[in-house]
$ cat run.cif   # mmCIF, C-alpha atoms
data_protein
#
loop_
_atom_site.label_atom_id
_atom_site.label_comp_id
_atom_site.auth_asym_id
_atom_site.auth_seq_id
_atom_site.Cartn_x
_atom_site.Cartn_y
_atom_site.Cartn_z
CA MET A 1 -22.83 -16.90 -0.82
CA SER A 2 -23.26 -17.01 2.97
CA ARG A 3 -21.49 -14.34 4.97
CA PHE A 4 -18.60 -15.10 7.30
CA ARG A 5 -19.50 -14.85 10.99
CA ILE A 6 -16.96 -13.79 13.61
CA SER A 7 -17.36 -16.01 16.69
CA GLY A 8 -16.53 -14.93 20.24
CA ALA A 9 -13.52 -17.26 20.27
CA LEU A 10 -12.23 -15.72 17.04
CA TRP A 11 -12.67 -12.22 18.50
CA ASP A 12 -10.51 -13.27 21.46
CA LYS A 13 -7.76 -14.39 19.06
CA ILE A 14 -8.08 -11.20 17.01
CA HIS A 15 -7.65 -9.02 20.13
CA HIS A 16 -4.69 -11.14 21.26
CA PHE A 17 -2.87 -10.73 17.92
CA ALA A 18 -3.77 -7.02 17.77
CA SER A 19 -1.86 -6.48 21.03
CA PHE A 20 1.42 -7.20 19.18
CA PRO A 21 3.20 -4.48 17.16
CA GLN A 22 3.50 -4.78 13.40
CA THR A 23 6.95 -5.16 11.84
CA GLY A 24 7.70 -2.67 9.06
CA VAL A 25 10.17 -3.80 6.41
CA SER A 26 12.25 -1.82 3.92
CA LEU A 27 12.89 -2.53 0.23
CA GLN A 28 16.56 -3.09 1.08
CA GLN A 29 15.63 -5.79 3.61
CA MET A 30 13.22 -7.50 1.20
CA ILE A 31 15.86 -7.57 -1.54
CA LEU A 32 18.45 -9.08 0.81
CA PHE A 33 15.94 -11.61 2.13
CA GLY A 34 14.80 -12.84 -1.29
CA GLN A 35 17.78 -12.47 -3.62
CA HIS A 36 18.83 -16.14 -3.41
CA PRO A 37 15.53 -18.04 -2.96
CA SER A 38 15.71 -21.68 -1.90
CA GLN A 39 13.09 -23.93 -0.33
CA GLY A 40 14.67 -23.06 3.04
CA THR A 41 14.57 -19.27 2.63
CA LEU A 42 11.05 -19.49 1.17
CA LEU A 43 10.02 -21.54 4.21
CA LYS A 44 11.42 -18.85 6.50
CA ALA A 45 9.56 -16.19 4.51
CA SER A 46 6.36 -18.25 4.89
CA GLN A 47 6.94 -18.48 8.65
CA PHE A 48 7.45 -14.70 8.86
CA LEU A 49 4.24 -14.01 6.92
CA SER A 50 2.22 -16.59 8.87
CA GLU A 51 3.10 -14.55 11.97
CA GLU A 52 3.11 -11.01 10.53
CA LEU A 53 -0.02 -11.06 8.36
CA PRO A 54 -2.43 -12.15 11.15
CA ILE A 55 -1.05 -9.30 13.31
CA ARG A 56 -1.61 -6.75 10.54
CA LEU A 57 -5.08 -8.10 9.73
CA SER A 58 -6.10 -8.16 13.41
CA HIS A 59 -5.14 -4.48 13.82
CA ARG A 60 -7.46 -3.60 10.94
CA VAL A 61 -10.37 -5.75 12.19
CA VAL A 62 -10.22 -4.13 15.65
CA GLU A 63 -10.12 -0.68 14.05
CA LEU A 64 -13.00 -1.48 11.66
CA GLU A 65 -15.08 -2.59 14.65
CA SER A 66 -14.44 0.62 16.61
CA LEU A 67 -14.93 3.31 13.95
CA PRO A 68 -16.75 6.41 15.25
CA ASP A 69 -20.24 7.80 14.56
CA GLY A 70 -21.79 4.56 13.33
CA LEU A 71 -19.37 4.09 10.41
CA SER A 72 -18.52 0.56 11.60
CA GLN A 73 -22.20 -0.45 11.20
CA MET A 74 -22.37 0.40 7.49
CA PRO A 75 -23.04 -2.76 5.38
CA SER A 76 -19.98 -2.32 3.15
CA ILE A 77 -17.67 -1.73 6.16
CA GLU A 78 -19.11 -4.86 7.84
CA LYS A 79 -18.36 -6.82 4.66
CA VAL A 80 -14.71 -5.68 4.61
CA LYS A 81 -14.35 -6.49 8.32
CA GLU A 82 -15.61 -10.04 7.64
CA TRP A 83 -13.11 -10.47 4.76
CA TYR A 84 -10.25 -9.46 7.05
CA ALA A 85 -11.46 -11.74 9.87
CA GLN A 86 -11.87 -14.68 7.48
CA SER A 87 -8.35 -14.22 6.10
CA PHE A 88 -7.04 -13.91 9.68
CA GLU A 89 -8.68 -17.22 10.65
CA GLU A 90 -7.37 -19.03 7.55
CA LEU A 91 -3.82 -17.90 8.35
CA ILE A 92 -3.81 -18.83 12.04
CA THR A 93 -5.40 -22.25 11.38
CA PHE A 94 -3.13 -23.09 8.44
CA PRO A 95 -1.24 -26.31 9.41
CA LYS A 96 2.44 -25.88 10.24
CA PRO A 97 4.98 -28.05 8.38
CA ARG A 98 6.19 -31.19 10.13
CA LEU A 99 9.93 -31.34 9.63
CA PRO A 100 12.61 -33.82 10.68
CA LYS A 101 14.51 -32.71 13.83
CA ASP A 102 17.83 -32.19 12.00
CA ILE A 103 16.22 -29.90 9.39
CA GLU A 104 14.52 -27.86 12.13
CA GLN A 105 17.83 -27.39 13.95
CA LYS A 106 19.64 -26.26 10.79
CA LEU A 107 16.85 -23.78 9.99
CA ARG A 108 17.21 -22.32 13.51
CA MET A 109 20.95 -21.71 13.16
CA PRO A 110 21.90 -18.02 13.61
CA ALA A 111 23.07 -15.99 10.63
CA ALA A 112 26.72 -16.08 9.69
CA GLU A 113 28.78 -13.33 11.36
CA HIS A 114 29.67 -11.56 8.10
CA ILE A 115 26.04 -11.13 6.99
CA THR A 116 24.55 -7.94 8.40
CA PHE A 117 20.84 -7.21 8.11
CA PRO A 118 20.32 -3.54 7.13
CA SER A 119 18.33 -1.42 9.54
CA ALA A 120 15.13 0.27 8.40
CA THR A 121 14.68 3.97 9.06
CA PRO A 122 11.47 6.02 9.47
CA ASN A 123 10.23 8.25 6.66
CA PRO A 124 11.49 11.81 7.35
CA SER A 125 8.31 13.30 5.83
CA LEU A 126 6.07 11.69 8.41
CA ASP A 127 6.56 13.85 11.47
CA PRO A 128 3.99 12.66 14.05
CA LEU A 129 3.24 16.30 14.86
CA MET A 130 2.08 16.98 11.29
CA HIS A 131 -1.63 16.33 10.74
CA GLU A 132 -1.28 14.66 7.38
CA GLY A 133 -0.79 11.22 5.93
CA PRO A 134 -0.79 7.89 7.72
CA VAL A 135 0.98 9.28 10.78
CA GLY A 136 -1.33 12.28 10.88
CA THR A 137 -2.39 12.04 14.48
CA HIS A 138 -1.18 13.62 17.69
CA LEU A 139 -1.83 10.38 19.61
CA THR A 140 0.97 8.07 20.65
CA PRO A 141 0.55 4.35 19.82
CA ASP A 142 -0.35 3.67 23.49
CA GLN A 143 -3.01 6.39 23.49
CA ARG A 144 -4.43 5.10 20.23
CA SER A 145 -4.43 1.58 21.65
CA MET A 146 -6.40 2.78 24.66
CA LEU A 147 -8.92 4.37 22.30
CA VAL A 148 -9.31 1.18 20.30
CA ASN A 149 -9.48 -0.96 23.46
CA PRO A 150 -11.05 1.20 26.18
CA GLY A 151 -10.91 -0.06 29.72
CA THR A 152 -7.39 -1.45 29.47
CA ASN A 153 -4.42 -0.30 31.47
CA GLY A 154 -1.73 -0.76 28.83
CA THR A 155 -0.86 -4.32 29.77
CA GLY A 156 -3.75 -6.45 28.54
CA TYR A 157 -5.27 -6.27 25.07
CA GLY A 158 -4.64 -2.53 24.99
CA GLY A 159 -0.91 -2.79 25.71
CA THR A 160 1.77 -3.29 23.09
CA ARG A 161 3.71 -6.53 23.51
CA LEU A 162 7.30 -6.95 22.49
CA ARG A 163 8.47 -9.05 19.52
CA ILE A 164 11.90 -10.45 18.76
CA PRO A 165 13.53 -8.36 15.97
CA ILE A 166 13.02 -9.69 12.44
CA GLU A 167 16.73 -10.28 11.85
CA ARG A 168 16.97 -12.60 14.88
CA ARG A 169 13.79 -14.46 14.00
CA TYR A 170 14.07 -14.99 10.27
CA PHE A 171 17.22 -13.56 8.71
CA SER A 172 19.54 -16.52 9.02
CA PRO A 173 19.98 -18.01 5.55
CA PRO A 174 20.19 -21.82 5.86
CA PRO A 175 23.16 -23.72 4.36
CA SER A 176 22.94 -23.64 0.55
CA ASP A 177 23.73 -27.36 0.25
CA LEU A 178 20.88 -28.44 2.54
CA LEU A 179 18.49 -30.97 1.01
CA TYR A 180 14.84 -30.44 1.95
CA PRO A 181 12.21 -33.16 2.27
CA PRO A 182 9.09 -32.98 0.02
CA GLU A 183 7.07 -31.64 2.99
CA VAL A 184 8.88 -28.27 2.74
CA HIS A 185 8.08 -27.87 -0.94
CA GLU A 186 4.44 -28.94 -0.37
CA TYR A 187 4.07 -26.47 2.52
CA ASN A 188 5.53 -23.59 0.47
CA GLU A 189 3.18 -24.38 -2.42
CA ALA A 190 0.10 -24.69 -0.21
CA PHE A 191 0.90 -21.48 1.71
CA THR A 192 1.45 -19.58 -1.56
CA GLN A 193 -1.95 -20.78 -2.81
CA LEU A 194 -3.56 -19.60 0.44
CA LEU A 195 -2.00 -16.14 -0.01
CA GLN A 196 -3.23 -15.95 -3.62
CA ASN A 197 -6.77 -16.76 -2.44
CA ILE A 198 -6.57 -14.10 0.30
CA LYS A 199 -5.27 -11.48 -2.17
CA LYS A 200 -8.15 -12.27 -4.55
CA ARG A 201 -10.72 -11.99 -1.73
CA HIS A 202 -9.43 -8.51 -0.86
CA ASP A 203 -9.28 -7.21 -4.47
CA PRO A 204 -12.46 -5.08 -4.11
CA THR A 205 -11.46 -3.61 -0.72
CA VAL A 206 -10.73 -0.05 -1.94
CA THR A 207 -14.05 0.32 -3.74
CA THR A 208 -16.03 -1.43 -0.97
CA VAL A 209 -14.63 0.86 1.74
CA ALA A 210 -15.38 3.86 -0.50
CA GLN A 211 -18.94 2.55 -0.83
CA GLY A 212 -19.15 2.22 2.97
CA VAL A 213 -18.04 5.82 3.49
CA LEU A 214 -20.67 6.97 0.97
CA GLU A 215 -23.35 4.98 2.85
CA TRP A 216 -22.24 6.68 6.06
CA LYS A 217 -22.20 10.16 4.47
CA ARG A 218 -25.75 9.61 3.23
CA LYS A 219 -26.96 8.43 6.63
CA GLN A 220 -25.20 11.27 8.47
CA LYS A 221 -26.19 13.80 5.78
CA ALA A 222 -22.54 14.86 5.91
CA GLY A 223 -20.91 16.95 3.19
CA ARG A 224 -17.24 16.08 3.69
CA ILE A 225 -15.58 13.45 5.82
CA GLY A 226 -13.90 14.69 9.03
CA GLN A 227 -10.29 14.54 10.17
CA SER A 228 -10.65 11.30 12.18
CA ILE A 229 -12.20 9.39 9.24
CA GLN A 230 -9.60 10.84 6.86
CA GLU A 231 -6.77 9.64 9.15
CA TRP A 232 -8.37 6.21 9.48
CA LEU A 233 -8.64 5.88 5.67
CA ASP A 234 -4.95 6.85 5.36
CA ARG A 235 -3.97 4.20 7.93
CA PHE A 236 -6.26 1.57 6.44
CA TYR A 237 -5.17 2.03 2.83
CA MET A 238 -1.50 2.29 3.80
CA SER A 239 -1.87 -1.01 5.65
CA ARG A 240 -3.54 -2.53 2.59
CA ILE A 241 -0.64 -1.46 0.34
CA GLY A 242 1.75 -3.14 2.81
CA ILE A 243 -0.24 -6.38 3.06
CA ARG A 244 -0.56 -6.67 -0.71
CA PHE A 245 3.13 -5.89 -1.18
CA LEU A 246 4.17 -8.67 1.22
CA ILE A 247 1.77 -11.16 -0.39
CA GLY A 248 2.73 -10.14 -3.95
CA GLN A 249 6.43 -10.42 -3.10
CA HIS A 250 6.04 -13.87 -1.55
CA VAL A 251 3.90 -15.21 -4.41
CA ALA A 252 6.38 -13.87 -6.99
CA LEU A 253 9.36 -15.49 -5.21
CA ASN A 254 7.52 -18.81 -5.19
CA THR A 255 6.06 -18.77 -8.70
CA LEU A 256 8.17 -16.61 -11.06
CA SER A 257 11.36 -17.71 -12.79
CA PRO A 258 14.53 -15.93 -11.59
CA HIS A 259 15.34 -12.67 -13.40
CA PRO A 260 18.67 -10.80 -13.09
CA ASP A 261 16.93 -7.46 -12.42
CA TYR A 262 14.12 -8.65 -10.16
CA VAL A 263 13.76 -9.98 -6.63
CA GLY A 264 10.10 -10.97 -6.54
CA ILE A 265 8.14 -7.87 -7.62
CA ILE A 266 11.01 -5.52 -6.69
CA CYS A 267 13.08 -4.35 -9.64
CA THR A 268 16.63 -3.79 -8.45
CA ARG A 269 17.31 -1.59 -11.51
CA ALA A 270 14.00 0.12 -12.16
CA ASN A 271 14.52 2.55 -15.07
CA VAL A 272 12.81 5.83 -14.13
CA HIS A 273 12.81 7.14 -17.72
CA ASP A 274 11.06 4.03 -19.08
CA ILE A 275 8.45 3.97 -16.27
CA CYS A 276 7.66 7.68 -16.74
CA HIS A 277 7.51 7.31 -20.52
CA GLU A 278 5.05 4.42 -20.27
CA ALA A 279 2.87 6.36 -17.80
CA ILE A 280 2.90 9.36 -20.20
CA GLU A 281 1.78 7.22 -23.14
CA ASN A 282 -0.99 5.57 -21.09
CA ALA A 283 -2.26 8.85 -19.63
CA ARG A 284 -2.32 10.58 -23.03
CA PHE A 285 -4.17 7.65 -24.59
CA VAL A 286 -6.81 7.74 -21.83
CA CYS A 287 -7.14 11.53 -22.20
CA GLU A 288 -7.55 11.39 -25.99
CA GLU A 289 -10.14 8.61 -25.69
CA HIS A 290 -12.11 10.43 -22.99
CA TYR A 291 -12.25 13.83 -24.70
CA ALA A 292 -12.32 12.43 -28.29
CA LEU A 293 -9.14 14.34 -29.13
CA PHE A 294 -6.95 13.69 -32.15
CA LYS A 295 -3.94 14.93 -30.18
CA GLY A 296 -3.88 15.51 -26.41
CA PRO A 297 -1.66 18.05 -24.62
CA PRO A 298 2.04 17.35 -25.31
CA ILE A 299 4.15 16.03 -22.43
CA GLN A 300 7.89 16.74 -22.32
CA LEU A 301 10.09 14.32 -20.35
CA LEU A 302 13.49 15.48 -19.10
CA CYS A 303 15.11 12.46 -17.45
CA PRO A 304 18.49 10.71 -17.71
CA LYS A 305 17.87 7.52 -19.70
CA ASP A 306 20.22 5.47 -17.51
CA LEU A 307 18.79 6.50 -14.10
CA THR A 308 17.91 3.34 -12.18
CA PHE A 309 17.20 2.41 -8.55
CA ALA A 310 15.52 -0.36 -6.56
CA TYR A 311 11.74 0.05 -6.50
CA VAL A 312 8.42 -1.63 -7.25
CA PRO A 313 7.70 -0.40 -10.83
CA GLY A 314 3.95 -0.85 -10.41
CA HIS A 315 3.88 1.65 -7.52
CA LEU A 316 5.78 4.36 -9.43
CA SER A 317 3.74 3.74 -12.58
CA HIS A 318 0.50 4.16 -10.60
CA ILE A 319 1.64 7.46 -9.05
CA CYS A 320 2.84 9.00 -12.34
CA PHE A 321 -0.23 7.87 -14.28
CA GLU A 322 -2.66 9.37 -11.74
CA LEU A 323 -0.82 12.71 -11.56
CA LEU A 324 -0.41 13.00 -15.33
CA LYS A 325 -4.12 12.26 -15.76
CA ASN A 326 -4.91 15.18 -13.42
CA SER A 327 -2.62 17.54 -15.35
CA LEU A 328 -4.01 16.50 -18.73
CA ARG A 329 -7.58 16.98 -17.53
CA ALA A 330 -6.77 20.42 -16.11
CA VAL A 331 -5.13 21.60 -19.36
CA VAL A 332 -7.89 20.28 -21.64
CA GLU A 333 -10.66 21.75 -19.50
CA ARG A 334 -8.92 25.12 -19.25
CA TYR A 335 -8.22 25.53 -22.97
CA GLY A 336 -11.18 23.54 -24.36
CA VAL A 337 -11.33 20.48 -26.60
CA ASP A 338 -11.57 22.67 -29.72
CA ASN A 339 -8.12 24.21 -29.13
CA GLU A 340 -5.83 21.21 -29.58
CA ASP A 341 -3.08 23.31 -31.15
CA ALA A 342 -3.13 25.77 -28.24
CA PHE A 343 -2.49 23.22 -25.48
CA PRO A 344 0.68 24.20 -23.54
CA PRO A 345 3.06 21.33 -22.79
CA ILE A 346 3.12 19.47 -19.48
CA LYS A 347 6.72 19.12 -18.26
CA VAL A 348 8.07 16.10 -16.37
CA VAL A 349 11.53 16.72 -14.90
CA VAL A 350 13.45 13.97 -13.07
CA VAL A 351 16.60 14.65 -11.01
CA GLU A 352 18.76 12.51 -8.74
CA GLY A 353 19.90 13.88 -5.39
CA SER A 354 21.99 12.39 -2.58
CA GLU A 355 19.01 10.70 -0.87
CA ASP A 356 16.08 11.06 -3.24
CA ILE A 357 15.05 10.83 -6.84
CA THR A 358 12.58 13.68 -7.42
CA ILE A 359 10.01 13.86 -10.22
CA LYS A 360 8.34 17.23 -10.88
CA ILE A 361 5.19 17.35 -13.01
CA SER A 362 4.29 20.92 -14.08
CA ASP A 363 1.16 21.95 -15.95
CA GLU A 364 -0.53 25.17 -17.02
CA GLY A 365 -4.03 23.96 -16.26
CA GLY A 366 -5.11 27.00 -14.26
CA GLY A 367 -4.06 25.82 -10.81
CA ILE A 368 -6.16 25.28 -7.69
CA PRO A 369 -7.59 28.02 -5.43
CA ARG A 370 -5.67 28.28 -2.16
CA SER A 371 -8.83 27.57 -0.14
CA ALA A 372 -9.23 24.22 -1.94
CA ILE A 373 -5.65 22.97 -1.38
CA PRO A 374 -6.41 21.16 1.94
CA LEU A 375 -9.41 19.44 0.33
CA ILE A 376 -7.49 17.79 -2.51
CA TRP A 377 -6.03 15.22 -0.07
CA THR A 378 -9.51 14.31 1.20
CA TYR A 379 -10.95 10.98 0.07
CA LEU A 380 -14.08 11.20 -2.10
CA TYR A 381 -13.50 14.95 -2.61
CA THR A 382 -14.82 15.50 -6.13
CA THR A 383 -17.18 17.78 -7.99
CA MET A 384 -19.38 14.77 -8.76
CA SER A 385 -22.59 14.16 -6.76
CA ASP A 386 -22.63 11.23 -4.32
CA GLU A 387 -25.10 9.43 -6.62
CA GLY A 388 -22.86 9.84 -9.66
CA LEU A 389 -19.85 8.88 -7.56
CA GLU A 390 -21.58 5.74 -6.29
CA ALA A 391 -22.50 4.65 -9.83
CA ASN A 392 -18.87 5.18 -10.91
CA ILE A 393 -17.48 3.26 -7.91
CA GLU A 394 -19.80 0.32 -8.56
CA SER A 395 -18.79 0.06 -12.22
CA SER A 396 -15.13 0.79 -11.59
CA ASP A 397 -11.94 -1.19 -11.35
CA PHE A 398 -10.25 2.15 -10.54
CA LYS A 399 -8.85 2.33 -14.05
CA ALA A 400 -11.80 4.28 -15.49
CA PRO A 401 -10.53 7.04 -17.77
CA MET A 402 -10.26 10.50 -16.25
CA ALA A 403 -12.84 9.55 -13.60
CA GLY A 404 -13.27 11.79 -10.58
CA PHE A 405 -13.33 9.43 -7.60
CA GLY A 406 -11.49 11.73 -5.25
CA TYR A 407 -9.03 8.90 -4.63
CA GLY A 408 -6.23 9.60 -7.13
CA LEU A 409 -4.21 12.13 -5.12
CA PRO A 410 -4.54 10.71 -1.56
CA LEU A 411 -3.79 7.14 -2.72
CA SER A 412 -0.85 8.30 -4.84
CA ARG A 413 0.60 10.05 -1.79
CA LEU A 414 0.31 6.83 0.23
CA TYR A 415 2.12 4.88 -2.50
CA ALA A 416 4.88 7.52 -2.53
CA ARG A 417 5.20 7.48 1.27
CA PHE A 418 5.07 3.69 1.54
CA PHE A 419 8.81 3.26 0.95
CA GLY A 420 10.07 6.53 2.36
CA GLY A 421 9.07 9.06 -0.29
CA ASP A 422 6.47 11.79 -0.40
CA LEU A 423 4.13 13.75 -2.64
CA ARG A 424 3.87 17.55 -2.45
CA LEU A 425 1.72 19.93 -4.47
CA ILE A 426 2.28 23.64 -5.09
CA SER A 427 -0.35 25.52 -7.06
CA MET A 428 -0.36 28.96 -8.68
CA ASP A 429 -4.02 29.86 -8.93
CA GLY A 430 -4.75 31.19 -12.42
CA TYR A 431 -1.67 29.56 -13.99
CA GLY A 432 -0.98 25.93 -13.10
CA THR A 433 0.23 23.30 -10.65
CA ASP A 434 3.59 21.69 -9.78
CA VAL A 435 3.57 18.26 -8.14
CA TYR A 436 6.77 16.87 -6.61
CA ILE A 437 7.21 13.11 -6.17
CA SER A 438 10.12 12.28 -3.84
CA LEU A 439 11.41 8.69 -3.93
CA ASN A 440 13.92 7.31 -1.43
CA LYS A 441 16.72 6.00 -3.65
CA LEU A 442 18.51 4.40 -0.69
CA SER A 443 15.60 1.93 -0.23
CA SER A 444 16.19 2.12 3.53
CA SER A 445 12.83 3.42 4.79
CA ARG A 446 10.52 1.02 6.55
CA GLU A 447 6.77 0.95 6.00
CA PRO A 448 4.94 3.57 8.10
CA LEU A 449 2.62 1.15 9.91
CA GLN A 450 0.03 1.89 12.56
#

$ encode --input "run.cif" --output "structure tokens"
Amino acid sequence: MSRFRISGALWDKIHHFASFPQTGVSLQQMILFGQHPSQGTLLKASQFLSEELPIRLSHRVVELESLPDGLSQMPSIEKVKEWYAQSFEELITFPKPRLPKDIEQKLRMPAAEHITFPSATPNPSLDPLMHEGPVGTHLTPDQRSMLVNPGTNGTGYGGTRLRIPIERRYFSPPPSDLLYPPEVHEYNEAFTQLLQNIKKRHDPTVTTVAQGVLEWKRKQKAGRIGQSIQEWLDRFYMSRIGIRFLIGQHVALNTLSPHPDYVGIICTRANVHDICHEAIENARFVCEEHYALFKGPPIQLLCPKDLTFAYVPGHLSHICFELLKNSLRAVVERYGVDNEDAFPPIKVVVVEGSEDITIKISDEGGGIPRSAIPLIWTYLYTTMSDEGLEANIESSDFKAPMAGFGYGLPLSRLYARFFGGDLRLISMDGYGTDVYISLNKLSSSREPLQ
């Protein structure tokens, strides 16, 4: 298949869109926006995404082009950049719907006075002064913009332009009795199909970027990746989670039958006990298969069975599964596969506070040396050689049992932080590790976008 080429004209458009800020949304806002889907509200959602997604994609293309120390020239990074540019072009050239004048006017009507759009708040864990996570940089957005677009004075491509707030642009539910012409339905269907194609194109992004970093490490003869690359990977993968969430939500609203507990892919009453229990069963199965055990380490779950909140179950399931896999591996490797009866239990404790739901996973797997704690959040940090890692990445769909990719912890932390939560680890070297997953139960935190 021939590779996509980015023309000079397309680069101009990419830089233009990248000069606009991204709009972070909260779970609360997405629930309110999509709880009563009609062809009119779905059209407004399509219009929001046809504006927002090109801006998000353009930010990533510009950043991929300007990565330091030759990383942007690596073949796998070039491939990802071309995917993002191709998706950007498809979105900006997608034909707009042609609607009768009266329908257009009704769709532009402001929201009713009594409907208030909830504000989205920043994640309290992401202090810009802390060098960790997706906001782990001491640079302001303007400074970072000047780095990405040198030679600008803050007004041209390097400056940040203003956008009308999301509630004034799109949150004005049209009259429920409005009849829509076939063009609206056809546009919604065609746009949904475009988003499905884009999502499929980007499926291998995580592994391809990992491959690109390995290519760069080999060329640079570097042992570990530095702070700037680590921060870029945090930003890039956090952005990817956000893009896939928006696309998945829109596709679900357009294709799935209504469900009393779901708004798109968001479960308004996600049962924490059930999600944790399923992750426990899956992680134990993978552990027993990998180590050929009759019975893996026991896992005790202490969680109210009726504890529910609004969340994306797939995100929480991913986090719990990855962390439980780590704990199981640590316990088995400390006590040995021949000592099944001696395995101490792993404890999962879930409590509800005023702002957060907190999940603590405690194991007695020997802990982590204090000197290694900063390294566990580093991508591709693993005991495996680069050659073994590359073979695993190439054959992986990131569901390989117990595999050491060095991606489990940093990606899980991004998933936790995506909607206002966090992931913290405390280790007692020689005994075991406690991991705390904080989840914002108010659903009010916006995505931490850069």

$ residues_near_point --input "run.cif" --point "(4.0, 3.3, -13.0)" --cutoff "12 Å" --atoms "only C-alpha atoms" --output "MDAnalysis selection string"
chainID A and resid 270:283 311:324 412 415:416

$ closest_residue --input "run.cif" --among "A:Gln300, A:Asn188, A:Ser19, A:Gln196" --to "Lys44 of chain A" --atoms "only C-alpha atoms"
A:Asn188

$ closest_residue --input "run.cif" --among "A:Gln22, A:Arg329, A:Ile368, A:Leu57" --to "Glu289 of chain A" --atoms "all atoms listed in the file"
A:Arg329

$ axis_aligned_box --input "run.cif" --around "segment 296-299 of chain A" --padding-each-side "4 Å" --output "JSON"
{"center_x": 0.1, "center_y": 16.8, "center_z": -24.4, "size_x": 16.0, "size_y": 10.5, "size_z": 12.0}

$ resolve_selection --input "run.cif" --expression "the PyMOL selection byres ((chain A and resi 214-222) around 9)" --output "list in words"
Asp69, Gly70, Leu71, Gln73, Met74, Pro75, Ser76, Val209, Ala210, Gln211, Gly212, Val213, Gly223, Arg224, Ile225, Leu380, Asp386, Leu389 and Glu390 of chain A

$ atom_distance --input "run.cif" --atom1 "atom CA of Phe17 of chain A" --atom2 "atom CA of Arg98 of chain A"
23.7 Å

$ closest_residue --input "run.cif" --among "A:Gly421, A:Tyr431, A:Lys79, A:Gln227" --to "Ser444 of chain A" --atoms "all atoms listed in the file"
A:Gly421

$ closest_residue --input "run.cif" --among "A:Leu328, A:Phe191, A:Gly248, A:Leu256" --to "Val286 of chain A" --atoms "all atoms listed in the file"
A:Leu328

$ closest_residue --input "run.cif" --among "A:Lys347, A:Leu178, A:Tyr407, A:Gly365" --to "Tyr436 of chain A" --atoms "only C-alpha atoms"
A:Lys347

$ atom_distance --input "run.cif" --atom1 "atom CA of Gly296 of chain A" --atom2 "atom CA of Leu411 of chain A"
25.1 Å
